[in-house]
$ cat coords.csv   # CSV, C-alpha atoms and all ligand atoms
chain,number,residue,atom,x,y,z
A,18,MET,CA,118.2,95.3,115.9
A,19,ALA,CA,114.8,93.7,115.0
A,20,GLN,CA,111.9,95.9,115.9
A,21,ALA,CA,109.6,94.2,118.4
A,22,PHE,CA,106.1,93.1,117.6
A,23,GLY,CA,103.6,95.4,119.3
A,24,PHE,CA,100.0,96.7,119.5
A,25,GLN,CA,98.8,100.1,120.5
A,26,VAL,CA,95.1,101.0,120.8
A,27,ALA,CA,94.7,104.6,119.8
A,28,ALA,CA,91.0,105.1,120.4
A,29,THR,CA,87.9,103.1,121.4
A,30,ASP,CA,84.2,103.7,120.7
A,31,GLY,CA,82.0,101.3,122.7
A,32,ARG,CA,83.6,98.0,122.4
A,33,ALA,CA,85.3,98.8,119.0
A,34,ARG,CA,89.0,99.8,118.9
A,35,THR,CA,91.3,101.3,116.4
A,36,GLY,CA,95.1,101.2,116.6
A,37,VAL,CA,98.3,99.9,115.1
A,38,ILE,CA,100.1,96.6,115.1
A,39,SER,CA,103.7,97.2,114.6
A,40,THR,CA,106.1,94.7,113.0
A,41,PRO,CA,109.6,94.8,111.5
A,42,ARG,CA,107.9,94.6,108.1
A,43,GLY,CA,105.6,97.5,108.6
A,44,ASP,CA,102.6,98.7,110.5
A,45,ILE,CA,99.1,97.2,110.3
A,46,ARG,CA,96.3,99.6,110.9
A,47,THR,CA,93.4,98.1,112.8
A,48,PRO,CA,90.7,97.1,112.4
A,49,ALA,CA,92.4,95.4,109.5
A,50,PHE,CA,91.1,93.2,106.7
A,51,MET,CA,93.6,90.7,105.4
A,52,PRO,CA,93.2,89.6,101.7
A,53,VAL,CA,93.9,85.8,101.3
A,54,GLY,CA,96.9,84.8,99.3
A,55,THR,CA,96.2,81.1,99.4
A,56,ALA,CA,98.9,79.7,97.1
A,57,ALA,CA,101.4,82.6,97.4
A,58,THR,CA,99.2,84.8,95.3
A,59,VAL,CA,96.0,86.8,95.8
A,60,LYS,CA,94.4,85.4,92.7
A,61,ALA,CA,94.1,87.8,89.7
A,62,MET,CA,96.1,90.5,91.5
A,63,LEU,CA,99.8,91.7,91.5
A,64,PRO,CA,101.1,92.3,95.0
A,65,GLY,CA,101.6,96.0,94.2
A,66,SER,CA,97.9,96.2,93.2
A,67,VAL,CA,96.8,94.5,96.5
A,68,ARG,CA,98.9,97.1,98.4
A,69,ALA,CA,97.3,99.9,96.3
A,70,THR,CA,93.9,98.9,97.6
A,71,GLY,CA,95.1,99.7,101.1
A,72,ALA,CA,96.0,96.2,102.5
A,73,ASP,CA,98.8,96.3,105.1
A,74,ILE,CA,99.0,92.5,105.6
A,75,LEU,CA,98.2,89.3,103.6
A,76,LEU,CA,97.2,85.8,104.8
A,77,GLY,CA,99.0,82.7,103.5
A,78,ASN,CA,97.7,79.1,103.8
A,79,THR,CA,100.1,76.6,105.4
A,80,TYR,CA,98.1,73.6,104.1
A,81,HIS,CA,98.3,74.7,100.5
A,82,LEU,CA,101.9,75.9,100.6
A,83,MET,CA,103.2,72.8,102.5
A,84,LEU,CA,101.8,70.6,99.7
A,85,ARG,CA,102.8,72.8,96.8
A,86,PRO,CA,105.5,74.1,96.3
A,87,THR,CA,106.5,72.9,99.9
A,88,ALA,CA,107.7,75.1,102.8
A,89,GLU,CA,111.3,73.8,102.4
A,90,ARG,CA,111.4,74.9,98.7
A,91,ILE,CA,110.0,78.4,99.6
A,92,ALA,CA,112.7,78.7,102.4
A,93,ARG,CA,115.5,77.8,99.9
A,94,LEU,CA,114.1,80.5,97.6
A,95,GLY,CA,114.3,83.2,100.3
A,96,GLY,CA,111.0,82.8,102.1
A,97,LEU,CA,107.5,83.6,101.3
A,98,HIS,CA,107.8,87.4,101.2
A,99,THR,CA,110.6,87.2,98.5
A,100,PHE,CA,109.0,84.3,96.7
A,101,MET,CA,105.7,86.1,96.1
A,102,ASP,CA,107.1,89.7,96.1
A,103,TRP,CA,105.2,91.0,99.1
A,104,GLN,CA,107.6,92.6,101.6
A,105,ARG,CA,104.9,93.7,104.1
A,106,PRO,CA,103.6,91.5,107.0
A,107,ILE,CA,102.2,88.0,106.3
A,108,LEU,CA,100.0,86.0,108.6
A,109,THR,CA,99.9,82.3,108.1
A,110,ASP,CA,97.2,79.9,109.4
A,111,SER,CA,98.3,76.7,111.0
A,112,GLY,CA,96.9,74.3,108.4
A,113,GLY,CA,94.6,72.7,110.9
A,114,PHE,CA,91.3,74.1,109.5
A,115,GLN,CA,92.1,73.3,105.9
A,116,VAL,CA,93.2,69.8,106.7
A,117,MET,CA,89.7,69.3,108.1
A,118,SER,CA,88.0,70.9,105.1
A,119,LEU,CA,90.1,69.8,102.1
A,120,ALA,CA,92.3,66.8,102.8
A,121,GLY,CA,91.2,63.2,102.4
A,122,LEU,CA,91.5,60.2,104.8
A,123,ARG,CA,92.2,62.2,108.0
A,124,LYS,CA,93.3,60.5,111.2
A,125,LEU,CA,93.3,62.6,114.3
A,126,THR,CA,95.3,61.6,117.3
A,127,GLU,CA,96.7,63.3,120.4
A,128,GLU,CA,100.0,63.7,118.4
A,129,GLY,CA,98.4,65.5,115.4
A,130,VAL,CA,96.6,64.8,112.1
A,131,THR,CA,97.6,62.4,109.3
A,132,PHE,CA,96.0,63.0,106.0
A,133,LYS,CA,96.2,62.6,102.2
A,134,SER,CA,96.9,65.5,99.9
A,135,HIS,CA,93.9,66.7,97.9
A,136,ILE,CA,96.3,67.3,95.0
A,137,ASP,CA,98.1,64.0,94.6
A,138,GLY,CA,97.0,61.7,97.4
A,139,SER,CA,100.4,61.8,99.1
A,140,ARG,CA,100.5,61.1,102.9
A,141,HIS,CA,101.4,64.0,105.3
A,142,VAL,CA,101.5,64.5,109.0
A,143,LEU,CA,100.7,67.9,110.7
A,144,THR,CA,101.4,68.3,114.4
A,145,PRO,CA,101.8,71.5,116.4
A,146,GLU,CA,105.6,71.2,116.1
A,147,ARG,CA,105.5,70.6,112.3
A,148,SER,CA,103.1,73.5,111.8
A,149,MET,CA,105.4,75.8,113.7
A,150,GLU,CA,108.3,74.6,111.6
A,151,ILE,CA,106.5,75.1,108.3
A,152,GLN,CA,105.4,78.7,109.3
A,153,ARG,CA,109.0,79.4,110.4
A,154,LEU,CA,110.3,78.2,107.0
A,155,LEU,CA,107.7,80.4,105.2
A,156,GLY,CA,109.0,83.4,107.2
A,157,SER,CA,105.5,84.2,108.5
A,158,ASP,CA,105.3,87.4,110.7
A,159,ILE,CA,102.2,86.3,112.5
A,160,VAL,CA,102.1,82.6,113.2
A,161,MET,CA,98.9,80.8,114.3
A,162,CYS,CA,98.8,77.9,116.8
A,163,PHE,CA,97.9,74.5,115.4
A,164,ASP,CA,94.3,73.8,116.5
A,165,GLU,CA,91.4,71.5,115.8
A,166,CYS,CA,88.0,72.8,114.8
A,167,PRO,CA,85.2,70.2,115.1
A,168,ALA,CA,82.9,69.7,112.2
A,169,LEU,CA,79.4,71.1,112.8
A,170,PRO,CA,76.9,70.0,114.0
A,171,ALA,CA,78.7,68.8,117.1
A,172,THR,CA,77.5,68.0,120.6
A,173,ASP,CA,78.7,70.0,123.6
A,174,ALA,CA,80.7,67.0,124.7
A,175,GLU,CA,82.4,66.8,121.3
A,176,VAL,CA,83.1,70.6,121.3
A,177,ALA,CA,84.6,70.4,124.9
A,178,LYS,CA,86.8,67.5,124.0
A,179,SER,CA,88.1,69.2,120.8
A,180,MET,CA,88.7,72.5,122.7
A,181,ALA,CA,90.7,70.7,125.4
A,182,LEU,CA,92.9,69.0,122.7
A,183,SER,CA,93.4,72.4,121.0
A,184,MET,CA,94.5,73.9,124.3
A,185,ARG,CA,97.1,71.1,124.7
A,186,TRP,CA,98.2,71.8,121.2
A,187,ALA,CA,98.4,75.5,122.0
A,188,GLN,CA,100.9,74.8,124.7
A,189,ARG,CA,102.9,72.6,122.3
A,190,SER,CA,102.8,75.3,119.7
A,191,ARG,CA,104.1,77.9,122.2
A,192,ASP,CA,106.9,75.6,123.2
A,193,ALA,CA,107.9,74.8,119.6
A,194,PHE,CA,107.7,78.4,118.5
A,195,GLY,CA,110.4,79.4,121.0
A,196,ASP,CA,111.7,82.9,121.2
A,197,ARG,CA,111.6,84.8,117.9
A,198,PRO,CA,112.0,88.6,118.2
A,199,GLY,CA,109.9,90.5,115.7
A,200,HIS,CA,107.6,87.5,115.1
A,201,ALA,CA,104.3,86.9,116.8
A,202,LEU,CA,102.4,83.7,117.8
A,203,PHE,CA,98.7,83.9,118.2
A,204,GLY,CA,96.6,81.5,120.3
A,205,ILE,CA,93.2,80.4,119.0
A,206,MET,CA,90.1,80.3,121.3
A,207,GLN,CA,87.7,77.5,120.7
A,208,GLY,CA,84.6,76.3,122.4
A,209,GLY,CA,81.8,76.6,119.8
A,210,VAL,CA,78.8,78.6,120.8
A,211,THR,CA,79.0,77.6,124.5
A,212,ARG,CA,79.9,80.4,126.8
A,213,ASP,CA,81.5,78.2,129.5
A,214,LEU,CA,83.7,76.5,127.0
A,215,ARG,CA,84.8,79.8,125.5
A,216,ALA,CA,85.7,81.1,129.0
A,217,GLU,CA,87.6,77.9,129.7
A,218,SER,CA,89.5,78.2,126.5
A,219,ALA,CA,90.3,81.9,127.1
A,220,GLU,CA,91.6,81.1,130.5
A,221,ALA,CA,93.9,78.3,129.2
A,222,LEU,CA,95.3,80.6,126.4
A,223,ARG,CA,95.9,83.5,128.8
A,224,ALA,CA,97.8,81.2,131.2
A,225,ILE,CA,100.1,80.2,128.3
A,226,GLY,CA,100.5,83.8,127.0
A,227,PHE,CA,100.4,84.9,123.4
A,228,ASP,CA,101.1,88.0,121.3
A,229,GLY,CA,97.6,88.0,120.0
A,230,TYR,CA,94.4,85.9,120.3
A,231,ALA,CA,92.0,84.6,117.6
A,232,VAL,CA,88.4,83.7,118.0
A,233,GLY,CA,88.3,80.4,116.2
A,234,GLY,CA,85.5,78.0,115.4
A,235,LEU,CA,83.2,80.7,114.0
A,236,ALA,CA,82.1,81.4,110.4
A,237,VAL,CA,81.8,77.6,109.9
A,238,GLY,CA,78.1,77.6,109.1
A,239,GLU,CA,76.6,78.7,112.4
A,240,GLY,CA,75.0,81.8,110.9
A,241,GLN,CA,75.5,85.5,111.7
A,242,GLU,CA,73.1,85.6,114.7
A,243,ALA,CA,75.0,82.8,116.5
A,244,MET,CA,78.3,84.3,115.5
A,245,PHE,CA,77.4,87.7,116.9
A,246,GLY,CA,76.0,85.9,120.0
A,247,VAL,CA,79.5,84.6,120.7
A,248,LEU,CA,81.2,87.9,119.7
A,249,ASP,CA,79.0,89.6,122.3
A,250,TYR,CA,81.1,88.1,125.0
A,251,ALA,CA,84.2,86.3,123.6
A,252,PRO,CA,86.5,89.3,122.8
A,253,GLY,CA,86.0,90.5,126.4
A,254,MET,CA,87.4,87.3,127.7
A,255,LEU,CA,90.7,88.0,125.9
A,256,PRO,CA,93.4,90.5,127.1
A,257,ASP,CA,92.6,94.1,126.1
A,258,GLU,CA,96.2,95.0,125.3
A,259,LYS,CA,96.6,92.3,122.6
A,260,PRO,CA,95.1,92.1,119.0
A,261,ARG,CA,92.0,90.0,118.5
A,262,TYR,CA,91.5,88.2,115.3
A,263,LEU,CA,88.3,86.7,113.9
A,264,MET,CA,89.3,84.0,111.5
A,265,GLY,CA,87.5,83.6,108.1
A,266,VAL,CA,85.1,86.5,108.3
A,267,GLY,CA,83.4,87.6,106.1
A,268,LYS,CA,80.7,89.5,104.3
A,269,PRO,CA,80.8,93.3,104.8
A,270,ASP,CA,78.0,93.3,107.3
A,271,ASP,CA,79.8,90.5,109.3
A,272,ILE,CA,82.9,92.6,109.4
A,273,VAL,CA,81.0,95.7,110.6
A,274,GLY,CA,79.3,93.7,113.3
A,275,ALA,CA,82.6,92.1,114.4
A,276,VAL,CA,84.4,95.4,114.6
A,277,GLU,CA,81.5,96.8,116.7
A,278,ARG,CA,82.1,93.9,119.1
A,279,GLY,CA,85.8,94.5,119.6
A,280,ILE,CA,87.5,92.5,116.8
A,281,ASP,CA,90.8,94.0,115.4
A,282,MET,CA,91.7,91.7,112.5
A,283,MET,CA,89.8,89.6,109.9
A,284,ASP,CA,90.5,87.7,106.7
A,285,CYS,CA,88.2,86.2,104.1
A,286,VAL,CA,88.5,84.8,100.5
A,287,LEU,CA,85.1,86.4,99.7
A,288,PRO,CA,86.2,89.7,98.0
A,289,SER,CA,88.7,87.9,95.7
A,290,ARG,CA,86.7,84.7,95.2
A,291,SER,CA,83.4,86.5,94.4
A,292,GLY,CA,85.4,88.8,92.0
A,293,ARG,CA,86.1,85.7,89.9
A,294,THR,CA,82.4,84.8,89.7
A,295,GLY,CA,81.0,88.1,88.6
A,296,GLN,CA,80.0,89.2,92.1
A,297,ALA,CA,80.8,92.8,93.1
A,298,TRP,CA,80.4,94.3,96.6
A,299,THR,CA,79.6,98.0,96.8
A,300,ARG,CA,78.2,100.4,99.4
A,301,ARG,CA,74.8,99.4,98.1
A,302,GLY,CA,75.2,95.7,98.6
A,303,GLN,CA,76.0,92.9,96.2
A,304,ILE,CA,75.8,93.1,92.4
A,305,ASN,CA,75.9,90.3,89.9
A,306,ILE,CA,77.6,91.8,86.9
A,307,ARG,CA,76.5,88.9,84.7
A,308,ASN,CA,72.9,90.1,85.0
A,309,ALA,CA,71.5,91.3,81.6
A,310,ARG,CA,70.4,94.6,83.2
A,311,HIS,CA,74.1,95.8,83.0
A,312,GLN,CA,74.7,95.0,79.3
A,313,ASP,CA,73.9,98.5,78.0
A,314,ASP,CA,74.7,100.4,81.2
A,315,PRO,CA,77.5,103.1,80.6
A,316,ARG,CA,77.7,103.9,84.3
A,317,PRO,CA,80.5,102.7,86.6
A,318,LEU,CA,79.9,99.9,89.2
A,319,ASP,CA,80.0,102.6,91.9
A,320,GLU,CA,80.4,106.2,90.9
A,321,SER,CA,82.1,107.1,94.2
A,322,CYS,CA,84.7,104.3,94.0
A,323,THR,CA,88.2,105.3,92.9
A,324,CYS,CA,89.4,101.8,91.8
A,325,PRO,CA,90.5,101.1,88.2
A,326,ALA,CA,87.3,99.1,87.5
A,327,CYS,CA,85.1,102.0,88.4
A,328,THR,CA,87.3,104.8,87.2
A,329,ASN,CA,87.9,103.5,83.7
A,330,TYR,CA,85.1,101.0,82.8
A,331,SER,CA,81.4,100.8,82.5
A,332,ARG,CA,79.1,98.2,83.9
A,333,ALA,CA,78.5,97.2,80.2
A,334,TYR,CA,82.2,96.5,79.8
A,335,LEU,CA,82.5,94.5,83.0
A,336,HIS,CA,79.4,92.6,82.0
A,337,HIS,CA,80.9,91.9,78.5
A,338,VAL,CA,84.3,90.7,79.7
A,339,ASN,CA,82.7,88.5,82.3
A,340,ARG,CA,80.3,86.9,79.8
A,341,ALA,CA,83.3,86.4,77.4
A,342,GLN,CA,85.3,84.8,80.3
A,343,GLU,CA,88.2,87.2,79.7
A,344,ILE,CA,90.9,87.2,82.4
A,345,ILE,CA,90.5,91.0,82.9
A,346,ALA,CA,87.0,90.4,84.3
A,347,SER,CA,88.5,88.6,87.3
A,348,MET,CA,91.2,91.2,87.6
A,349,LEU,CA,88.9,94.2,87.6
A,350,LEU,CA,86.2,92.8,89.9
A,351,THR,CA,88.7,91.4,92.4
A,352,TRP,CA,90.5,94.8,92.5
A,353,HIS,CA,87.2,96.6,93.0
A,354,ASN,CA,86.1,94.2,95.8
A,355,LEU,CA,89.4,94.4,97.6
A,356,HIS,CA,89.3,98.2,97.2
A,357,TYR,CA,85.7,98.3,98.6
A,358,TYR,CA,86.7,96.1,101.6
A,359,GLN,CA,89.8,98.3,102.4
A,360,GLU,CA,87.7,101.5,102.1
A,361,LEU,CA,85.2,100.0,104.5
A,362,MET,CA,88.0,99.3,107.0
A,363,GLN,CA,89.3,102.9,106.6
A,364,GLY,CA,85.8,104.2,107.2
A,365,LEU,CA,85.5,102.0,110.4
A,366,ARG,CA,88.9,103.2,111.6
A,367,ASP,CA,88.1,106.9,111.0
A,368,ALA,CA,84.6,106.5,112.6
A,369,ILE,CA,86.1,104.8,115.8
A,370,ALA,CA,88.8,107.5,116.0
A,371,ALA,CA,86.2,110.2,115.8
A,372,GLY,CA,83.7,108.5,118.2
A,373,ARG,CA,81.0,108.3,115.6
A,374,LEU,CA,80.9,104.6,114.9
A,375,ALA,CA,77.2,104.3,115.6
A,376,GLN,CA,76.4,106.9,112.9
A,377,PHE,CA,78.8,105.2,110.5
A,378,VAL,CA,77.1,101.8,111.0
A,379,ALA,CA,73.6,103.3,110.7
A,380,ASP,CA,74.6,104.9,107.3
A,381,PHE,CA,76.2,101.6,106.2
A,382,HIS,CA,73.0,99.7,106.7
A,383,ALA,CA,70.8,102.4,105.3
A,384,LEU,CA,72.6,102.6,102.0
A,385,ARG,CA,72.6,98.8,101.6
A,386,ALA,CA,68.9,98.7,102.4
A,387,GLU,CA,68.3,101.1,99.4
A,388,GLY,CA,70.0,98.5,97.1
A,389,ASP,CA,71.7,99.0,93.8
A,390,ILE,CA,70.9,102.0,91.5
A,391,GLU,CA,67.9,101.7,89.3
A,392,PRO,CA,68.5,100.1,85.9
A,393,ILE,CA,68.7,102.5,82.9
A,394,ALA,CA,65.5,102.8,81.1
A,401,ZN,ZN,85.5,100.2,92.2
$ encode --input "coords.csv" --output "structure tokens"
Amino acid sequence: MAQAFGFQVAATDGRARTGVISTPRGDIRTPAFMPVGTAATVKAMLPGSVRATGADILLGNTYHLMLRPTAERIARLGGLHTFMDWQRPILTDSGGFQVMSLAGLRKLTEEGVTFKSHIDGSRHVLTPERSMEIQRLLGSDIVMCFDECPALPATDAEVAKSMALSMRWAQRSRDAFGDRPGHALFGIMQGGVTRDLRAESAEALRAIGFDGYAVGGLAVGEGQEAMFGVLDYAPGMLPDEKPRYLMGVGKPDDIVGAVERGIDMMDCVLPSRSGRTGQAWTRRGQINIRNARHQDDPRPLDESCTCPACTNYSRAYLHHVNRAQEIIASMLLTWHNLHYYQELMQGLRDAIAAGRLAQFVADFHALRAEGDIEPIA
């Protein structure tokens, strides 16, 4: 018998929570950071290496996978877990956000969105029903409702209209998802930075009923202050007993601030994407390994880090392979960045469990404020 999808909060500290999401494909420790496997791969990483960094769950992108290699092909080949060799939980987005950000010639109606592929110009239609079908074909463990996120800047009236459409699509997503034991469907709260609209959206989602709830429509260029402004109240509008997911976030300090405000799950391309452009994230902030100051430096990126890039290689080596555009540069920095993110999540989970989150957050900011170690003389 398939194990049910569930969520247990083990401890709270202020508004922050730590716990476990249980799924038939394994547990997800929360707060959780989900690496992004856009096209059925976390770029530059083998799945086993992603797991070794401490990731319990990956995110896959419906928009990319429906266009190439197509959801039907992945289904014929045994589903996304088998196709990409990741047997642990996978969350898929609905495709809505990336249609808005990547596709050409979009046409939005009550029914859904018609668009042209950014790959070959072919015409496609995404509706709540089609999004549920694609995510079922992929075999996703956590399915996201199909929603619309208005482009910013938008007026209150535009945000309200878009939110109302997303709530009608949420009901259609719920109806189309049906009853699938062991799989979860998450609703997505919209409403921009307007408290009344957020409350209205939360009310509509709660009335439909979901296995988890995302705070959508943030991390789209509004800035950290505005995002935290919404997170000061939005998670509290959602059911305490269900996981809360902040989509597309973010930088390490965004993550810490979101966890402090009651968020349980996050995803972002940042650690993997920045690893391919020579950017490393450490306890001391951001480092550009391409900088000439590293070319003779025999020290590791971070002496306290246990990842392969820090255990086996010098800053000078990482600088060299990056400058030489060697593939291992992307591999090592991506591994390090994902390792750092997962270590940060473990630190947050431990701190919440021990009731010392405030101290953990103070230490986090203090070390970042010191900045990177001094260059060698
Ligand atoms: Zn490292």
$ atom_distance --input "coords.csv" --atom1 "atom CA of Ala231 of chain A" --atom2 "atom CA of Pro167 of chain A"
16.1 Å
$ closest_residue --input "coords.csv" --among "A:Met244, A:Met282, A:Ala379, A:Val210" --to "Thr172 of chain A" --atoms "only C-alpha atoms"
A:Val210
$ closest_residue --input "coords.csv" --among "A:Phe377, A:Trp298, A:Phe227, A:Tyr334" --to "ligand ZN 401 (chain A)" --atoms "all atoms listed in the file"
A:Trp298
$ residues_around --input "coords.csv" --residues "Lys259 of chain A" --least-positions-apart "4" --cutoff "7 Å" --atoms "only C-alpha atoms" --output "PyMOL selection string"
chain A and resi 24+228-229
$ closest_residue --input "coords.csv" --among "A:Ala326, A:Ala386, A:Arg373, A:Pro145" --to "Asp30 of chain A" --atoms "all atoms listed in the file"
A:Arg373
$ residues_around --input "coords.csv" --residues "segment 236-239 of chain A" --least-positions-apart "3" --cutoff "7 Å" --atoms "only C-alpha atoms" --output "PyMOL selection string"
chain A and resi 243-244+265-266
$ residues_around --input "coords.csv" --residues "Arg261 of chain A" --least-positions-apart "3" --cutoff "8 Å" --atoms "all atoms listed in the file" --output "PyMOL selection string"
chain A and resi 229-232+252+255+279-282
$ closest_residue --input "coords.csv" --among "A:Ile159, A:Gly112, A:Thr70, A:Glu217" --to "ligand ZN 401 (chain A)" --atoms "all atoms listed in the file"
A:Thr70
$ residues_around --input "coords.csv" --residues "His336 of chain A" --least-positions-apart "6" --cutoff "7 Å" --atoms "all atoms listed in the file" --output "number ranges by chain"
A: 306-307, 311-312
$ residues_near_ligand --input "coords.csv" --ligand "ligand ZN 401 (chain A)" --cutoff "9 Å" --atoms "all atoms listed in the file" --output "compact mmCIF listing (two decimals) with C-alpha atoms, keeping the file's coordinate frame"
# COMPACT_ATOMS: atom_id res chain seq x y z
CA ALA A 297 80.80 92.80 93.10
CA TRP A 298 80.40 94.30 96.60
CA THR A 299 79.60 98.00 96.80
CA PRO A 317 80.50 102.70 86.60
CA LEU A 318 79.90 99.90 89.20
CA ASP A 319 80.00 102.60 91.90
CA GLU A 320 80.40 106.20 90.90
CA SER A 321 82.10 107.10 94.20
CA CYS A 322 84.70 104.30 94.00
CA THR A 323 88.20 105.30 92.90
CA CYS A 324 89.40 101.80 91.80
CA PRO A 325 90.50 101.10 88.20
CA ALA A 326 87.30 99.10 87.50
CA CYS A 327 85.10 102.00 88.40
CA THR A 328 87.30 104.80 87.20
CA LEU A 349 88.90 94.20 87.60
CA LEU A 350 86.20 92.80 89.90
CA TRP A 352 90.50 94.80 92.50
CA HIS A 353 87.20 96.60 93.00
CA ASN A 354 86.10 94.20 95.80
CA LEU A 355 89.40 94.40 97.60
CA HIS A 356 89.30 98.20 97.20
CA TYR A 357 85.70 98.30 98.60
$ residues_around --input "coords.csv" --residues "Glu146 of chain A" --least-positions-apart "5" --cutoff "8 Å" --atoms "all atoms listed in the file" --output "PDB file with C-alpha atoms, in the frame of the given file"
ATOM      1  CA  ARG A 189     102.900  72.600 122.300  1.00  0.00           C
ATOM      2  CA  SER A 190     102.800  75.300 119.700  1.00  0.00           C
ATOM      3  CA  ALA A 193     107.900  74.800 119.600  1.00  0.00           C
ATOM      4  CA  PHE A 194     107.700  78.400 118.500  1.00  0.00           C
TER       5      PHE A 194
END
$ atom_distance --input "coords.csv" --atom1 "atom CA of Val142 of chain A" --atom2 "atom CA of Arg85 of chain A"
14.8 Å
$ atom_distance --input "coords.csv" --atom1 "atom CA of Arg278 of chain A" --atom2 "atom CA of Met51 of chain A"
18.2 Å
$ closest_residue --input "coords.csv" --among "A:Ser157, A:Thr351, A:Gln303, A:Thr294" --to "Asn339 of chain A" --atoms "only C-alpha atoms"
A:Thr294
$ closest_residue --input "coords.csv" --among "A:Leu155, A:Ile74, A:Gly113, A:Pro288" --to "Arg90 of chain A" --atoms "only C-alpha atoms"
A:Leu155
$ residues_near_point --input "coords.csv" --point "(111.5, 92.6, 108.4)" --cutoff "12 Å" --atoms "all atoms listed in the file" --output "number ranges by chain"
A: 18-22, 39-44, 96, 98-99, 103-107, 156-159, 198-200
$ residues_near_point --input "coords.csv" --point "(99.8, 60.6, 108.2)" --cutoff "6 Å" --atoms "only C-alpha atoms" --output "ChimeraX atom specification"
/A:131-132,140-142
$ axis_aligned_box --input "coords.csv" --around "segment 271-274 of chain A" --padding-each-side "3 Å" --output "AutoDock Vina command-line options"
--center_x 81.1 --center_y 93.1 --center_z 111.3 --size_x 9.6 --size_y 11.2 --size_z 10.0
$ build_atoms --input "coords.csv" --residues "segment 183-197 of chain A" --atoms "N, CA and C atoms" --output "mmCIF file, in the coordinates of the input"
data_model
loop_
_atom_site.group_PDB
_atom_site.id
_atom_site.type_symbol
_atom_site.label_atom_id
_atom_site.label_comp_id
_atom_site.auth_asym_id
_atom_site.auth_seq_id
_atom_site.Cartn_x
_atom_site.Cartn_y
_atom_site.Cartn_z
ATOM 1 N N SER A 183 92.783 71.222 121.568
ATOM 2 C CA SER A 183 93.400 72.400 121.000
ATOM 3 C C SER A 183 94.189 73.208 122.011
ATOM 4 N N MET A 184 93.766 73.214 123.269
ATOM 5 C CA MET A 184 94.500 73.900 124.300
ATOM 6 C C MET A 184 95.832 73.208 124.622
ATOM 7 N N ARG A 185 95.833 71.870 124.566
ATOM 8 C CA ARG A 185 97.100 71.100 124.700
ATOM 9 C C ARG A 185 98.023 71.417 123.547
ATOM 10 N N TRP A 186 97.426 71.495 122.367
ATOM 11 C CA TRP A 186 98.200 71.800 121.200
ATOM 12 C C TRP A 186 98.714 73.268 121.211
ATOM 13 N N ALA A 187 97.948 74.148 121.847
ATOM 14 C CA ALA A 187 98.400 75.500 122.000
ATOM 15 C C ALA A 187 99.665 75.626 122.798
ATOM 16 N N GLN A 188 99.717 74.851 123.899
ATOM 17 C CA GLN A 188 100.900 74.800 124.700
ATOM 18 C C GLN A 188 102.111 74.251 123.926
ATOM 19 N N ARG A 189 101.852 73.172 123.159
ATOM 20 C CA ARG A 189 102.900 72.600 122.300
ATOM 21 C C ARG A 189 103.368 73.563 121.256
ATOM 22 N N SER A 190 102.423 74.316 120.689
ATOM 23 C CA SER A 190 102.800 75.300 119.700
ATOM 24 C C SER A 190 103.672 76.390 120.297
ATOM 25 N N ARG A 191 103.281 76.854 121.492
ATOM 26 C CA ARG A 191 104.100 77.900 122.200
ATOM 27 C C ARG A 191 105.491 77.382 122.459
ATOM 28 N N ASP A 192 105.603 76.137 122.931
ATOM 29 C CA ASP A 192 106.900 75.600 123.200
ATOM 30 C C ASP A 192 107.766 75.442 121.967
ATOM 31 N N ALA A 193 107.131 75.006 120.872
ATOM 32 C CA ALA A 193 107.900 74.800 119.600
ATOM 33 C C ALA A 193 108.235 76.097 118.942
ATOM 34 N N PHE A 194 107.408 77.130 119.111
ATOM 35 C CA PHE A 194 107.700 78.400 118.500
ATOM 36 C C PHE A 194 108.941 79.046 119.015
ATOM 37 N N GLY A 195 109.145 78.900 120.334
ATOM 38 C CA GLY A 195 110.400 79.400 121.000
ATOM 39 C C GLY A 195 110.380 80.935 121.039
ATOM 40 N N ASP A 196 111.580 81.493 121.069
ATOM 41 C CA ASP A 196 111.700 82.900 121.200
ATOM 42 C C ASP A 196 112.193 83.511 119.882
ATOM 43 N N ARG A 197 111.319 84.230 119.190
ATOM 44 C CA ARG A 197 111.600 84.800 117.900
ATOM 45 C C ARG A 197 111.284 86.241 117.804
#
